[in-house]
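Just my_file.cif here, mmCIF, C-alpha atoms and all ligand atoms:
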```cif
data_model
#
loop_
_atom_site.label_atom_id
_atom_site.label_comp_id
_atom_site.auth_asym_id
_atom_site.auth_seq_id
_atom_site.Cartn_x
_atom_site.Cartn_y
_atom_site.Cartn_z
CA MET A 1103 -26.44 -15.06 21.50
CA ALA A 1104 -23.23 -16.18 19.89
CA LYS A 1105 -20.82 -13.47 18.81
CA ILE A 1106 -20.13 -13.01 15.15
CA GLN A 1107 -16.44 -12.90 14.38
CA LYS A 1108 -14.64 -11.46 11.41
CA ILE A 1109 -13.48 -13.87 8.73
CA LYS A 1110 -9.92 -15.17 8.64
CA GLY A 1111 -7.18 -12.93 7.24
CA VAL A 1112 -8.95 -9.58 7.53
CA ALA A 1113 -8.56 -6.83 10.13
CA ASP A 1114 -10.50 -4.08 11.86
CA LEU A 1115 -8.47 -0.90 11.88
CA PHE A 1116 -9.16 1.12 15.01
CA PRO A 1117 -8.06 4.79 15.26
CA ALA A 1118 -4.40 4.12 16.20
CA ASP A 1119 -4.00 1.87 13.14
CA SER A 1120 -6.11 3.84 10.72
CA ALA A 1121 -4.16 6.99 11.68
CA LYS A 1122 -1.04 5.17 10.52
CA TYR A 1123 -2.73 4.29 7.22
CA ALA A 1124 -3.92 7.88 6.81
CA PHE A 1125 -0.36 9.08 7.37
CA MET A 1126 0.96 6.73 4.68
CA GLU A 1127 -1.78 7.80 2.29
CA LYS A 1128 -1.20 11.49 2.90
CA THR A 1129 2.53 11.11 2.34
CA ALA A 1130 1.86 9.19 -0.89
CA ARG A 1131 -0.53 11.88 -2.12
CA ASP A 1132 2.00 14.62 -1.36
CA VAL A 1133 4.98 12.82 -2.91
CA PHE A 1134 3.13 11.42 -5.95
CA SER A 1135 1.42 14.71 -6.80
CA SER A 1136 4.86 16.37 -6.82
CA TYR A 1137 5.65 14.05 -9.78
CA GLY A 1138 2.43 14.87 -11.64
CA PHE A 1139 0.37 11.82 -10.60
CA GLY A 1140 -3.39 12.10 -10.13
CA GLU A 1141 -5.62 9.75 -8.16
CA LEU A 1142 -7.70 7.14 -9.96
CA ARG A 1143 -10.27 5.14 -8.01
CA THR A 1144 -11.25 1.94 -9.74
CA PRO A 1145 -13.88 -0.59 -8.61
CA ILE A 1146 -13.08 -3.45 -6.26
CA LEU A 1147 -15.24 -5.79 -8.35
CA GLU A 1148 -14.17 -6.53 -11.92
CA LYS A 1149 -14.91 -9.22 -14.46
CA THR A 1150 -12.82 -12.31 -13.66
CA GLU A 1151 -11.48 -12.39 -17.20
CA LEU A 1152 -9.63 -9.10 -16.59
CA PHE A 1153 -7.33 -10.74 -14.06
CA CYS A 1154 -6.94 -14.04 -15.93
CA ARG A 1155 -5.84 -12.21 -19.06
CA SER A 1156 -3.51 -9.70 -17.38
CA ILE A 1157 -1.98 -11.41 -14.33
CA GLY A 1158 -1.75 -14.72 -16.22
CA GLU A 1159 -3.68 -18.02 -16.06
CA GLU A 1160 -0.69 -19.89 -14.66
CA THR A 1161 0.15 -17.54 -11.79
CA ASP A 1162 -0.51 -18.45 -8.16
CA VAL A 1163 -2.80 -15.43 -7.89
CA VAL A 1164 -5.13 -16.62 -10.65
CA GLN A 1165 -4.78 -20.34 -9.95
CA LYS A 1166 -5.55 -20.30 -6.25
CA GLU A 1167 -5.80 -16.88 -4.65
CA MET A 1168 -8.70 -15.02 -6.23
CA TYR A 1169 -12.03 -14.31 -4.56
CA THR A 1170 -14.16 -15.27 -7.55
CA PHE A 1171 -17.91 -15.85 -7.53
CA PRO A 1172 -20.90 -15.72 -9.86
CA ASP A 1173 -23.17 -12.70 -9.39
CA ARG A 1174 -26.95 -13.06 -9.39
CA LYS A 1175 -26.99 -13.32 -13.17
CA ASP A 1176 -24.22 -15.91 -13.14
CA ARG A 1177 -21.48 -13.61 -14.43
CA SER A 1178 -18.09 -14.42 -12.98
CA LEU A 1179 -16.77 -11.54 -10.87
CA THR A 1180 -13.55 -11.20 -8.90
CA MET A 1181 -12.58 -8.94 -6.02
CA ARG A 1182 -9.41 -7.28 -7.25
CA PRO A 1183 -6.25 -9.09 -6.10
CA GLU A 1184 -4.15 -6.12 -7.26
CA ALA A 1185 -4.73 -2.71 -8.82
CA THR A 1186 -2.76 -2.63 -12.07
CA ALA A 1187 -5.23 -4.67 -14.14
CA GLY A 1188 -8.16 -2.41 -13.17
CA VAL A 1189 -6.15 0.74 -13.83
CA VAL A 1190 -5.19 -0.52 -17.29
CA ARG A 1191 -8.82 -1.52 -17.95
CA ALA A 1192 -9.97 2.00 -17.00
CA TYR A 1193 -7.20 3.56 -19.11
CA VAL A 1194 -8.25 1.54 -22.18
CA GLU A 1195 -12.01 1.79 -21.61
CA ASN A 1196 -11.92 5.57 -21.20
CA LYS A 1197 -9.65 6.03 -24.23
CA ILE A 1198 -7.07 8.02 -22.29
CA TYR A 1199 -4.35 7.19 -24.77
CA GLN A 1200 -3.21 9.81 -27.28
CA PRO A 1201 0.06 9.55 -29.21
CA GLY A 1202 2.89 11.15 -27.29
CA LYS A 1203 0.85 11.59 -24.11
CA VAL A 1204 2.16 10.34 -20.78
CA SER A 1205 -0.48 9.59 -18.10
CA LYS A 1206 0.29 9.04 -14.42
CA PHE A 1207 -2.15 7.62 -11.89
CA PHE A 1208 -2.04 6.45 -8.32
CA THR A 1209 -4.59 4.36 -6.45
CA VAL A 1210 -5.01 3.48 -2.81
CA GLY A 1211 -7.26 0.79 -1.41
CA PRO A 1212 -8.01 -2.77 -0.37
CA MET A 1213 -6.99 -5.84 -2.38
CA PHE A 1214 -8.06 -9.44 -1.82
CA ARG A 1215 -6.05 -12.63 -2.10
CA TYR A 1216 -6.99 -16.00 -0.65
CA GLU A 1217 -3.57 -16.75 0.81
CA ARG A 1218 -2.63 -18.54 4.02
CA PRO A 1219 -2.72 -15.71 6.57
CA GLN A 1220 0.39 -14.99 8.64
CA ALA A 1221 2.23 -11.89 9.89
CA GLY A 1222 2.24 -9.44 6.95
CA ARG A 1223 0.10 -11.69 4.78
CA MET A 1224 -3.61 -10.94 4.82
CA ARG A 1225 -6.59 -11.95 2.72
CA GLN A 1226 -7.75 -8.34 2.67
CA PHE A 1227 -4.77 -6.02 2.53
CA HIS A 1228 -4.13 -2.49 1.30
CA GLN A 1229 -1.90 -1.17 -1.43
CA ILE A 1230 -0.65 2.19 -2.53
CA ASN A 1231 -0.16 1.85 -6.24
CA ALA A 1232 1.34 4.08 -8.97
CA GLU A 1233 1.24 3.58 -12.74
CA VAL A 1234 2.75 5.49 -15.70
CA PHE A 1235 1.50 5.01 -19.27
CA GLY A 1236 3.07 6.11 -22.53
CA ALA A 1237 6.76 6.37 -21.56
CA SER A 1238 9.10 3.66 -22.83
CA GLU A 1239 12.27 5.56 -21.95
CA PRO A 1240 14.55 4.27 -19.14
CA GLN A 1241 14.03 7.67 -17.56
CA ALA A 1242 10.47 6.61 -16.63
CA ASP A 1243 11.80 3.51 -14.85
CA ALA A 1244 14.32 5.63 -12.95
CA GLU A 1245 11.76 8.25 -11.99
CA VAL A 1246 9.29 5.67 -10.71
CA LEU A 1247 12.04 4.10 -8.59
CA LEU A 1248 13.06 7.49 -7.22
CA MET A 1249 9.45 8.35 -6.42
CA LEU A 1250 9.03 5.07 -4.56
CA SER A 1251 12.22 5.73 -2.62
CA ASN A 1252 11.07 9.26 -1.77
CA PHE A 1253 7.72 7.99 -0.57
CA LEU A 1254 9.37 5.39 1.64
CA SER A 1255 11.78 7.90 3.16
CA GLY A 1256 8.83 10.31 3.50
CA ILE A 1257 7.17 7.87 5.91
CA GLY A 1258 10.46 7.46 7.73
CA LEU A 1259 11.75 4.28 6.08
CA SER A 1260 15.05 4.99 4.42
CA LYS A 1261 16.90 1.76 5.18
CA LEU A 1262 15.02 -0.64 2.93
CA SER A 1263 16.72 -2.74 0.24
CA PHE A 1264 15.92 -2.16 -3.42
CA GLU A 1265 16.42 -5.19 -5.67
CA LEU A 1266 16.45 -4.80 -9.41
CA ASN A 1267 16.32 -7.12 -12.41
CA SER A 1268 15.31 -7.18 -16.05
CA LEU A 1269 12.99 -9.91 -17.31
CA GLY A 1270 13.60 -9.19 -20.99
CA CYS A 1271 10.90 -8.87 -23.64
CA PRO A 1272 8.94 -11.16 -25.99
CA GLU A 1273 12.07 -11.21 -28.21
CA CYS A 1274 14.55 -12.53 -25.66
CA ARG A 1275 12.28 -14.30 -23.17
CA PRO A 1276 11.72 -17.40 -25.43
CA VAL A 1277 15.49 -17.84 -25.77
CA PHE A 1278 15.86 -17.76 -22.02
CA ARG A 1279 12.86 -20.01 -21.51
CA LYS A 1280 14.43 -22.60 -23.82
CA ALA A 1281 17.71 -22.45 -21.87
CA LEU A 1282 15.76 -22.85 -18.63
CA ASP A 1283 13.69 -25.78 -19.95
CA ASP A 1284 16.91 -27.49 -21.05
CA TYR A 1285 18.39 -26.91 -17.61
CA PHE A 1286 15.37 -28.29 -15.75
CA SER A 1287 15.19 -31.37 -17.95
CA GLY A 1288 18.70 -32.25 -16.78
CA VAL A 1289 18.12 -32.02 -13.01
CA ASP A 1290 16.34 -34.14 -10.42
CA GLN A 1291 12.90 -32.50 -10.35
CA GLU A 1292 11.88 -34.60 -7.33
CA LYS A 1293 13.59 -31.98 -5.18
CA LEU A 1294 11.20 -29.22 -6.26
CA CYS A 1295 8.50 -28.06 -3.85
CA ASP A 1296 4.86 -28.88 -4.69
CA ASP A 1297 4.20 -25.47 -6.23
CA CYS A 1298 7.34 -25.60 -8.37
CA THR A 1299 6.59 -29.14 -9.58
CA ARG A 1300 3.62 -27.49 -11.31
CA ARG A 1301 5.46 -24.26 -12.19
CA VAL A 1302 8.40 -26.01 -13.82
CA ASN A 1303 6.17 -26.80 -16.80
CA THR A 1304 3.76 -23.87 -16.76
CA ASN A 1305 5.83 -20.94 -15.47
CA PRO A 1306 9.45 -22.08 -14.98
CA LEU A 1307 10.80 -18.55 -14.38
CA ARG A 1308 8.99 -18.55 -11.06
CA VAL A 1309 11.02 -21.52 -9.87
CA LEU A 1310 14.05 -19.24 -9.91
CA ASP A 1311 12.79 -17.07 -7.07
CA CYS A 1312 11.13 -19.79 -5.00
CA LYS A 1313 12.26 -19.49 -1.39
CA SER A 1314 12.08 -23.22 -0.57
CA LYS A 1315 15.41 -24.91 0.18
CA GLY A 1316 15.13 -27.71 -2.38
CA CYS A 1317 14.24 -25.31 -5.21
CA LYS A 1318 17.05 -22.95 -4.26
CA GLU A 1319 19.54 -25.77 -4.35
CA LEU A 1320 18.25 -27.15 -7.61
CA THR A 1321 18.41 -23.79 -9.37
CA LYS A 1322 21.89 -22.91 -8.07
CA ASP A 1323 23.46 -23.29 -11.51
CA ALA A 1324 20.40 -22.39 -13.59
CA PRO A 1325 20.88 -19.98 -16.49
CA SER A 1326 20.50 -16.34 -15.54
CA ILE A 1327 17.95 -14.00 -17.12
CA PRO A 1328 20.21 -10.95 -17.47
CA GLU A 1329 22.73 -13.03 -19.44
CA HIS A 1330 20.05 -13.76 -22.03
CA LEU A 1331 18.76 -10.24 -22.63
CA CYS A 1332 18.57 -9.04 -26.24
CA GLY A 1333 20.57 -5.96 -27.22
CA GLU A 1334 17.69 -3.52 -26.72
CA CYS A 1335 16.71 -4.89 -23.31
CA ARG A 1336 20.34 -4.82 -22.19
CA GLU A 1337 20.69 -1.22 -23.37
CA HIS A 1338 17.45 -0.24 -21.61
CA PHE A 1339 18.44 -1.88 -18.34
CA ASP A 1340 21.95 -0.39 -18.40
CA ALA A 1341 20.45 3.06 -18.97
CA VAL A 1342 18.05 2.63 -16.00
CA VAL A 1343 20.93 1.56 -13.77
CA LYS A 1344 23.07 4.49 -14.93
CA LEU A 1345 20.29 6.98 -14.17
CA ILE A 1346 19.59 5.69 -10.69
CA ASP A 1347 23.33 5.55 -10.01
CA GLU A 1348 23.54 9.21 -10.96
CA ALA A 1349 20.57 10.00 -8.72
CA GLY A 1350 22.25 8.19 -5.80
CA LEU A 1351 19.65 5.46 -5.26
CA GLU A 1352 21.15 2.40 -3.61
CA TYR A 1353 20.10 -1.02 -4.87
CA THR A 1354 21.34 -4.53 -5.53
CA LEU A 1355 20.98 -6.41 -8.79
CA ASN A 1356 19.09 -9.65 -8.23
CA PRO A 1357 19.18 -11.84 -11.37
CA ARG A 1358 16.72 -14.22 -9.66
CA LEU A 1359 13.99 -11.63 -9.12
CA VAL A 1360 11.02 -12.81 -11.19
CA ARG A 1361 7.80 -11.45 -9.56
CA GLY A 1362 4.55 -13.34 -9.29
CA LEU A 1363 2.53 -11.65 -12.02
CA ASP A 1364 2.98 -12.50 -15.69
CA TYR A 1365 2.61 -9.07 -17.25
CA TYR A 1366 6.11 -7.84 -16.50
CA GLN A 1367 8.75 -7.14 -19.14
CA ARG A 1368 12.19 -5.61 -18.78
CA THR A 1369 12.73 -3.71 -15.50
CA THR A 1370 11.32 -5.35 -12.37
CA PHE A 1371 12.04 -4.48 -8.77
CA GLU A 1372 11.18 -5.25 -5.19
CA VAL A 1373 11.77 -3.41 -1.94
CA THR A 1374 12.39 -5.66 1.03
CA SER A 1375 12.86 -5.41 4.77
CA GLY A 1376 14.57 -7.89 7.07
CA ASP A 1377 12.50 -6.74 10.05
CA ILE A 1378 9.00 -8.06 9.34
CA GLY A 1379 9.33 -11.85 9.35
CA SER A 1380 9.10 -14.14 6.37
CA GLN A 1381 7.00 -11.83 4.15
CA THR A 1382 9.85 -9.50 3.34
CA ALA A 1383 8.57 -7.61 0.27
CA VAL A 1384 7.07 -4.25 1.18
CA ALA A 1385 6.78 -3.07 -2.42
CA GLY A 1386 7.16 -4.46 -5.89
CA GLY A 1387 6.71 -3.38 -9.45
CA GLY A 1388 8.09 -3.11 -12.92
CA ARG A 1389 7.49 -2.47 -16.57
CA TYR A 1390 4.50 -4.01 -18.37
CA ASP A 1391 4.89 -2.80 -21.94
CA GLY A 1392 2.52 -5.40 -23.45
CA LEU A 1393 -0.36 -5.14 -20.97
CA VAL A 1394 -2.36 -2.24 -22.42
CA HIS A 1395 -2.42 -4.05 -25.77
CA THR A 1396 -3.30 -7.39 -24.14
CA LEU A 1397 -6.32 -5.70 -22.58
CA GLY A 1398 -7.54 -4.35 -25.91
CA GLY A 1399 -5.76 -0.99 -26.06
CA ALA A 1400 -3.04 0.45 -28.28
CA LYS A 1401 0.59 -0.60 -27.93
CA VAL A 1402 1.29 1.70 -25.01
CA PRO A 1403 4.12 1.01 -22.58
CA GLY A 1404 3.49 1.04 -18.85
CA ILE A 1405 5.41 0.88 -15.60
CA GLY A 1406 4.43 1.04 -11.95
CA PHE A 1407 4.63 -0.35 -8.45
CA ALA A 1408 2.56 -1.18 -5.40
CA CYS A 1409 3.43 -0.92 -1.72
CA GLY A 1410 1.81 -3.18 0.86
CA MET A 1411 0.46 -0.95 3.62
CA GLU A 1412 0.19 -3.72 6.24
CA ARG A 1413 3.88 -4.55 5.83
CA LEU A 1414 4.93 -0.90 5.82
CA GLY A 1415 2.75 -0.39 8.90
CA MET A 1416 4.70 -3.11 10.73
CA LEU A 1417 7.80 -0.95 10.31
CA LEU A 1418 6.16 2.23 11.62
CA ASP A 1419 5.99 2.35 15.38
CA GLY A 1420 5.21 6.01 16.03
CA ASP A 1421 1.95 7.49 17.30
CA TYR A 1422 0.07 8.87 14.30
CA GLU A 1423 -3.20 9.83 15.98
CA GLU A 1424 -3.97 13.55 16.06
CA LYS A 1425 -3.68 15.01 19.52
CA LEU A 1426 -6.50 17.09 21.04
CA ASP A 1427 -5.81 20.62 22.27
CA PHE A 1428 -8.44 20.94 25.00
CA TYR A 1429 -10.81 19.05 27.24
CA ILE A 1430 -13.84 20.48 29.02
CA ALA A 1431 -14.61 18.94 32.38
CA LEU A 1432 -18.34 19.24 33.05
CA VAL A 1433 -19.10 19.22 36.75
CA ASP A 1434 -22.82 20.04 36.65
CA GLN A 1435 -25.33 19.06 33.99
CA ARG A 1436 -26.81 22.60 34.16
CA ALA A 1437 -23.55 23.89 32.65
CA ALA A 1438 -23.75 21.58 29.61
CA GLY A 1439 -25.22 24.26 27.29
CA ASP A 1440 -22.52 26.83 28.13
CA ALA A 1441 -19.81 24.18 27.83
CA LEU A 1442 -21.00 23.07 24.38
CA ILE A 1443 -21.16 26.66 23.12
CA PHE A 1444 -17.69 27.38 24.48
CA ALA A 1445 -16.33 24.22 22.85
CA GLU A 1446 -17.86 25.22 19.50
CA LYS A 1447 -16.09 28.59 19.72
CA LEU A 1448 -12.78 26.90 20.48
CA ARG A 1449 -13.24 24.58 17.50
CA LYS A 1450 -14.07 27.51 15.22
CA SER A 1451 -10.81 29.12 16.32
CA GLY A 1452 -9.03 26.00 15.02
CA LEU A 1453 -8.61 23.93 18.17
CA LYS A 1454 -9.58 20.29 18.63
CA GLY A 1455 -11.14 18.96 21.77
CA GLU A 1456 -13.99 17.28 23.56
CA VAL A 1457 -16.49 17.86 26.34
CA GLY A 1458 -16.75 15.41 29.25
CA PHE A 1459 -19.94 13.91 30.67
CA VAL A 1460 -21.17 14.49 34.23
CA ALA A 1461 -21.66 10.77 34.70
CA LYS A 1462 -17.94 10.75 35.33
CA SER A 1463 -16.55 12.49 38.41
CA MET A 1464 -14.47 15.66 38.07
CA LYS A 1465 -11.43 13.61 39.08
CA SER A 1466 -11.92 11.03 36.41
CA GLN A 1467 -12.59 13.70 33.79
CA LEU A 1468 -9.29 15.36 34.69
CA ARG A 1469 -7.60 11.97 34.48
CA GLN A 1470 -9.06 11.60 31.00
CA ALA A 1471 -7.76 15.09 30.07
CA ASN A 1472 -4.31 14.02 31.25
CA LYS A 1473 -4.48 10.84 29.26
CA LEU A 1474 -5.39 12.79 26.13
CA GLU A 1475 -2.34 14.97 26.77
CA VAL A 1476 -4.30 18.17 26.18
CA LYS A 1477 -2.57 21.40 27.06
CA LYS A 1478 -5.68 23.04 28.50
CA CYS A 1479 -8.63 21.83 30.45
CA PHE A 1480 -11.67 24.07 30.96
CA ILE A 1481 -13.97 23.49 33.89
CA PHE A 1482 -17.69 24.23 33.73
CA GLY A 1483 -19.95 24.11 36.81
CA THR A 1484 -22.81 26.21 38.21
CA ASP A 1485 -20.42 29.02 39.34
CA GLU A 1486 -19.19 29.42 35.79
CA VAL A 1487 -22.77 29.57 34.48
CA GLU A 1488 -23.88 32.12 37.09
CA ASN A 1489 -20.84 34.37 36.62
CA GLY A 1490 -20.34 33.94 32.86
CA THR A 1491 -16.80 32.75 33.51
CA VAL A 1492 -14.62 29.85 32.54
CA THR A 1493 -12.08 28.09 34.74
CA ILE A 1494 -8.92 27.26 32.90
CA LYS A 1495 -6.53 24.61 34.12
CA ASP A 1496 -3.11 24.62 32.51
CA MET A 1497 -2.25 20.96 32.04
CA THR A 1498 1.46 21.46 31.35
CA GLU A 1499 3.81 20.66 34.20
CA GLY A 1500 3.57 23.18 37.05
CA GLY A 1501 0.63 24.89 35.33
CA GLY A 1502 -1.92 26.69 37.51
CA GLN A 1503 -5.61 27.42 37.39
CA GLU A 1504 -7.46 30.71 36.85
CA SER A 1505 -10.97 31.98 36.24
CA LEU A 1506 -11.77 34.47 33.48
CA PRO A 1507 -14.93 36.12 32.12
CA ARG A 1508 -15.71 33.96 29.10
CA ASP A 1509 -15.83 36.89 26.64
CA GLU A 1510 -12.32 37.85 27.60
CA TYR A 1511 -10.96 34.46 26.71
CA PHE A 1512 -11.45 35.03 23.00
CA LYS A 1513 -10.17 38.61 22.94
P1 LIG A 1601 2.70 -7.57 -5.76
O1 LIG A 1601 4.17 -7.84 -5.60
O2 LIG A 1601 1.83 -8.75 -5.98
O3 LIG A 1601 2.57 -6.56 -6.96
O4 LIG A 1601 2.16 -6.78 -4.51
C1 LIG A 1601 2.77 -5.58 -4.09
C2 LIG A 1601 2.91 -5.56 -2.59
O5 LIG A 1601 1.64 -5.79 -1.97
C3 LIG A 1601 3.82 -6.63 -2.01
O6 LIG A 1601 5.18 -6.25 -2.07
C4 LIG A 1601 3.32 -6.69 -0.57
O7 LIG A 1601 3.92 -5.68 0.20
C5 LIG A 1601 1.85 -6.40 -0.71
N1 LIG A 1601 1.07 -7.65 -0.64
C6 LIG A 1601 0.83 -8.54 -1.62
N2 LIG A 1601 0.06 -9.56 -1.16
C7 LIG A 1601 -0.18 -9.30 0.14
C8 LIG A 1601 -0.93 -9.95 1.18
N3 LIG A 1601 -1.60 -11.09 0.96
N4 LIG A 1601 -0.97 -9.38 2.41
C9 LIG A 1601 -0.32 -8.22 2.66
N5 LIG A 1601 0.38 -7.56 1.71
C10 LIG A 1601 0.46 -8.08 0.48
C11 LIG A 1601 1.39 -6.07 -7.41
O8 LIG A 1601 0.34 -6.19 -6.85
C12 LIG A 1601 1.53 -5.27 -8.69
N6 LIG A 1601 0.20 -4.86 -9.13
C13 LIG A 1601 2.45 -4.08 -8.49
C14 LIG A 1601 2.59 -3.25 -9.71
C15 LIG A 1601 1.98 -2.07 -9.97
N7 LIG A 1601 3.34 -3.54 -10.76
C16 LIG A 1601 3.21 -2.60 -11.66
N8 LIG A 1601 2.37 -1.70 -11.21
#
```

What does the file become when written as structure tokens?
Amino acid sequence: MAKIQKIKGVADLFPADSAKYAFMEKTARDVFSSYGFGELRTPILEKTELFCRSIGEETDVVQKEMYTFPDRKDRSLTMRPEATAGVVRAYVENKIYQPGKVSKFFTVGPMFRYERPQAGRMRQFHQINAEVFGASEPQADAEVLLMLSNFLSGIGLSKLSFELNSLGCPECRPVFRKALDDYFSGVDQEKLCDDCTRRVNTNPLRVLDCKSKGCKELTKDAPSIPEHLCGECREHFDAVVKLIDEAGLEYTLNPRLVRGLDYYQRTTFEVTSGDIGSQTAVAGGGRYDGLVHTLGGAKVPGIGFACGMERLGMLLDGDYEEKLDFYIALVDQRAAGDALIFAEKLRKSGLKGEVGFVAKSMKSQLRQANKLEVKKCFIFGTDEVENGTVTIKDMTEGGGQESLPRDEYFK
């Protein structure tokens, strides 16, 4: 019969890979909880409207990347392409907001985007996501950036580049948009890539951070967002920069950084790596002060970020699988009962290990023990059963072998 293969752009994570993911998740839990964040698990399936309204109708994600389908009652559902919209929906729906209250959540899990798969770009990928509600102060922006930096150095990545920008607010954005429209009407739009030919009318800010050569050239002299910030946005951004300067976080200002989701206002940021091919962004985020209101809640500010676990994983080359402590080589099936009981005792004492099967020769079981890099190998045959003993082979270099009464071993 023909084999069934997985669909394009998804991956099976075997133990070596999933150990890496577990390591990233554990580090995130440790670091984020030290800042007062609690875990929120939201559904993978949401109403399609949630993403259209929050991410923005004109974004690439909504236009062409969502896994959207009618359910059996013809309601349009979407598999979440990102976590923020669902977190905000849960925050609003569960009436978490109270005046003066700051809420902090993190989420971990799979996201789905119908993109063209390549290294670091998957159709099912995983994010570690953090969101803060109810804090409009620049201090929240700085703290979120510091937490992200601490998480990344916690997994051993301290040489990544932080890029920072401010996208302004509903007050100053229209002024900038007008300047940008004027600029684009005076250039040769033929040079724009296919995506930007559409974006230039619907979402012209996105043209500014398009990576294609023609678009880059065409926007060389385009007006810059930071130069069009209103007084309050300028003050906010300067205060964020001052705080992270004081905290010693290194970053570069990137006036072209726009981000692909429409809900951002003011501070936006991305963390990039030059070592993972063309998909350089390992994390991204920013402030979304209007989003809670857009999704039916009060006027509560928000800020957060998400890290892409596949891309971070490409930068982690260690061995994250837990090592076993012991291996039991079973040389006679009649010793299986004693071996299992002995193994249970070892496990109760806190050790990890496994029992071999007689179908494999003693030699190949010892080879397996070596491969597992266990420190101790116990041997169980008929002698051991008859005498109530255990044979212990020290697997460290130059280690010997001895036989002990089994009871003595645990004394
Ligand atoms: P985003 O920039 O769309 O932001 O995604 C965040 C990260 O997810 C990216 O930097 C990248 O590492 C990873 N990522 C995105 N798409 C893919 C893909 N197809 N394959 C592999 N990795 C991918 C957001 O999703 C926002 N919700 C972040 C946020 C949270 N902003 C505020 N709060």

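For the residues A:Phe1264, A:Glu1499, A:Gly1399, A:Phe1278, ranking by smallest atom-to-atom distance to A:Asn1196 using only C-alpha atoms places A:Gly1399 first.
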
Report task. List all protein, DNA and RNA residues that have an atom no more than 7 Å from any atom of ligand LIG 1601 (chain A), counting all atoms listed in the file, and report them as a ChimeraX atom specification. Result -> /A:1184-1186,1215,1217,1222-1229,1231-1233,1361-1363,1372,1383-1390,1405-1413

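The shortest atom-to-atom distance to A:Phe1139, with only C-alpha atoms taken into account, belongs to A:Phe1235 out of A:Phe1125, A:Tyr1169, A:Phe1235, A:Phe1153.
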
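Atom CA of A:Lys1401 sits 20.7 Å away from atom CA of A:Gly1333.
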
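If you measure from each of A:Thr1144, A:Thr1170, A:Gln1367, A:Ser1178 to A:Ser1238 using all atoms listed in the file, the closest one turns out to be A:Gln1367.
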
Requested in this report: Name all residues at most 12 Å from A:Ala1441 (count all atoms listed in the file; drop same-chain ones fewer than 6 positions away) and give them as number ranges by chain.
Outcome: A: 1429-1435, 1447-1448, 1455-1460, 1479-1484, 1486-1487, 1490-1493, 1508

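Near A:Glu1195, within a cut-off of 10 Å and counting all atoms listed in the file, sit the residues Val1189, Val1190, Arg1191, Tyr1199, Leu1397, Gly1398 and Gly1399 of chain A, with same-chain residues fewer than 4 positions away left out.
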
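Between atom CA of A:Leu1414 and atom CA of A:Leu1254 lies a distance of 8.8 Å.
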
Requested in this report: Find the distance between atom CA of A:Tyr1137 and atom CA of A:Ser1268 and write it in Å to one decimal.
Outcome: 24.2 Å

Report task. With a distance cut-off of 12 Å and only C-alpha atoms, select the neighbouring residues of A:Arg1301, excluding the residue or stretch itself and same-chain residues fewer than 2 positions from it, and output the selection as a list of chain:residue names. Result -> A:Glu1159, A:Glu1160, A:Thr1161, A:Asp1162, A:Gln1165, A:Asp1283, A:Phe1286, A:Gln1291, A:Leu1294, A:Cys1295, A:Asp1296, A:Asp1297, A:Cys1298, A:Thr1299, A:Asn1303, A:Thr1304, A:Asn1305, A:Pro1306, A:Leu1307, A:Arg1308, A:Val1309, A:Leu1310, A:Asp1311, A:Cys1312, A:Cys1317, A:Gly1362

Closest atom pairs, residues of stretch 1237-1323 of chain A within 12 Å of stretch 1203-1208 of chain A, only C-alpha atoms, as CSV:
```
residue,atom,partner,partner_atom,distance
A:Ala1237,CA,A:Val1204,CA,6.1
A:Ser1238,CA,A:Val1204,CA,9.8
A:Glu1239,CA,A:Val1204,CA,11.2
A:Ala1242,CA,A:Val1204,CA,10.0
A:Glu1245,CA,A:Lys1206,CA,11.8
A:Val1246,CA,A:Lys1206,CA,10.3
A:Met1249,CA,A:Phe1208,CA,11.8
A:Leu1250,CA,A:Phe1208,CA,11.8
```

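When all atoms listed in the file are used to measure the gap to A:Phe1214, the shortest distance among A:Ile1106, A:Leu1269, A:Leu1351, A:Val1112 belongs to A:Val1112.
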
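Nearest residue to A:Gln1220 among A:Pro1403, A:Gly1256, A:Pro1325, A:Gly1111 is A:Gly1111, counting all atoms listed in the file.
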
Which protein, DNA or RNA residues are at most 10 Å from (-11.3, -8.3, -10.1) in the file's coordinates when you count all atoms listed in the file, listed as a compact mmCIF listing (two decimals) with C-alpha atoms, in the coordinates of the input?
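The new file selection-v7.txt reads:
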```
# COMPACT_ATOMS: atom_id res chain seq x y z
CA PRO A 1145 -13.88 -0.59 -8.61
CA ILE A 1146 -13.08 -3.45 -6.26
CA LEU A 1147 -15.24 -5.79 -8.35
CA GLU A 1148 -14.17 -6.53 -11.92
CA LYS A 1149 -14.91 -9.22 -14.46
CA THR A 1150 -12.82 -12.31 -13.66
CA GLU A 1151 -11.48 -12.39 -17.20
CA LEU A 1152 -9.63 -9.10 -16.59
CA PHE A 1153 -7.33 -10.74 -14.06
CA CYS A 1154 -6.94 -14.04 -15.93
CA MET A 1168 -8.70 -15.02 -6.23
CA TYR A 1169 -12.03 -14.31 -4.56
CA THR A 1170 -14.16 -15.27 -7.55
CA SER A 1178 -18.09 -14.42 -12.98
CA LEU A 1179 -16.77 -11.54 -10.87
CA THR A 1180 -13.55 -11.20 -8.90
CA MET A 1181 -12.58 -8.94 -6.02
CA ARG A 1182 -9.41 -7.28 -7.25
CA PRO A 1183 -6.25 -9.09 -6.10
CA GLU A 1184 -4.15 -6.12 -7.26
CA ALA A 1185 -4.73 -2.71 -8.82
CA ALA A 1187 -5.23 -4.67 -14.14
CA GLY A 1188 -8.16 -2.41 -13.17
CA MET A 1213 -6.99 -5.84 -2.38
CA PHE A 1214 -8.06 -9.44 -1.82
```
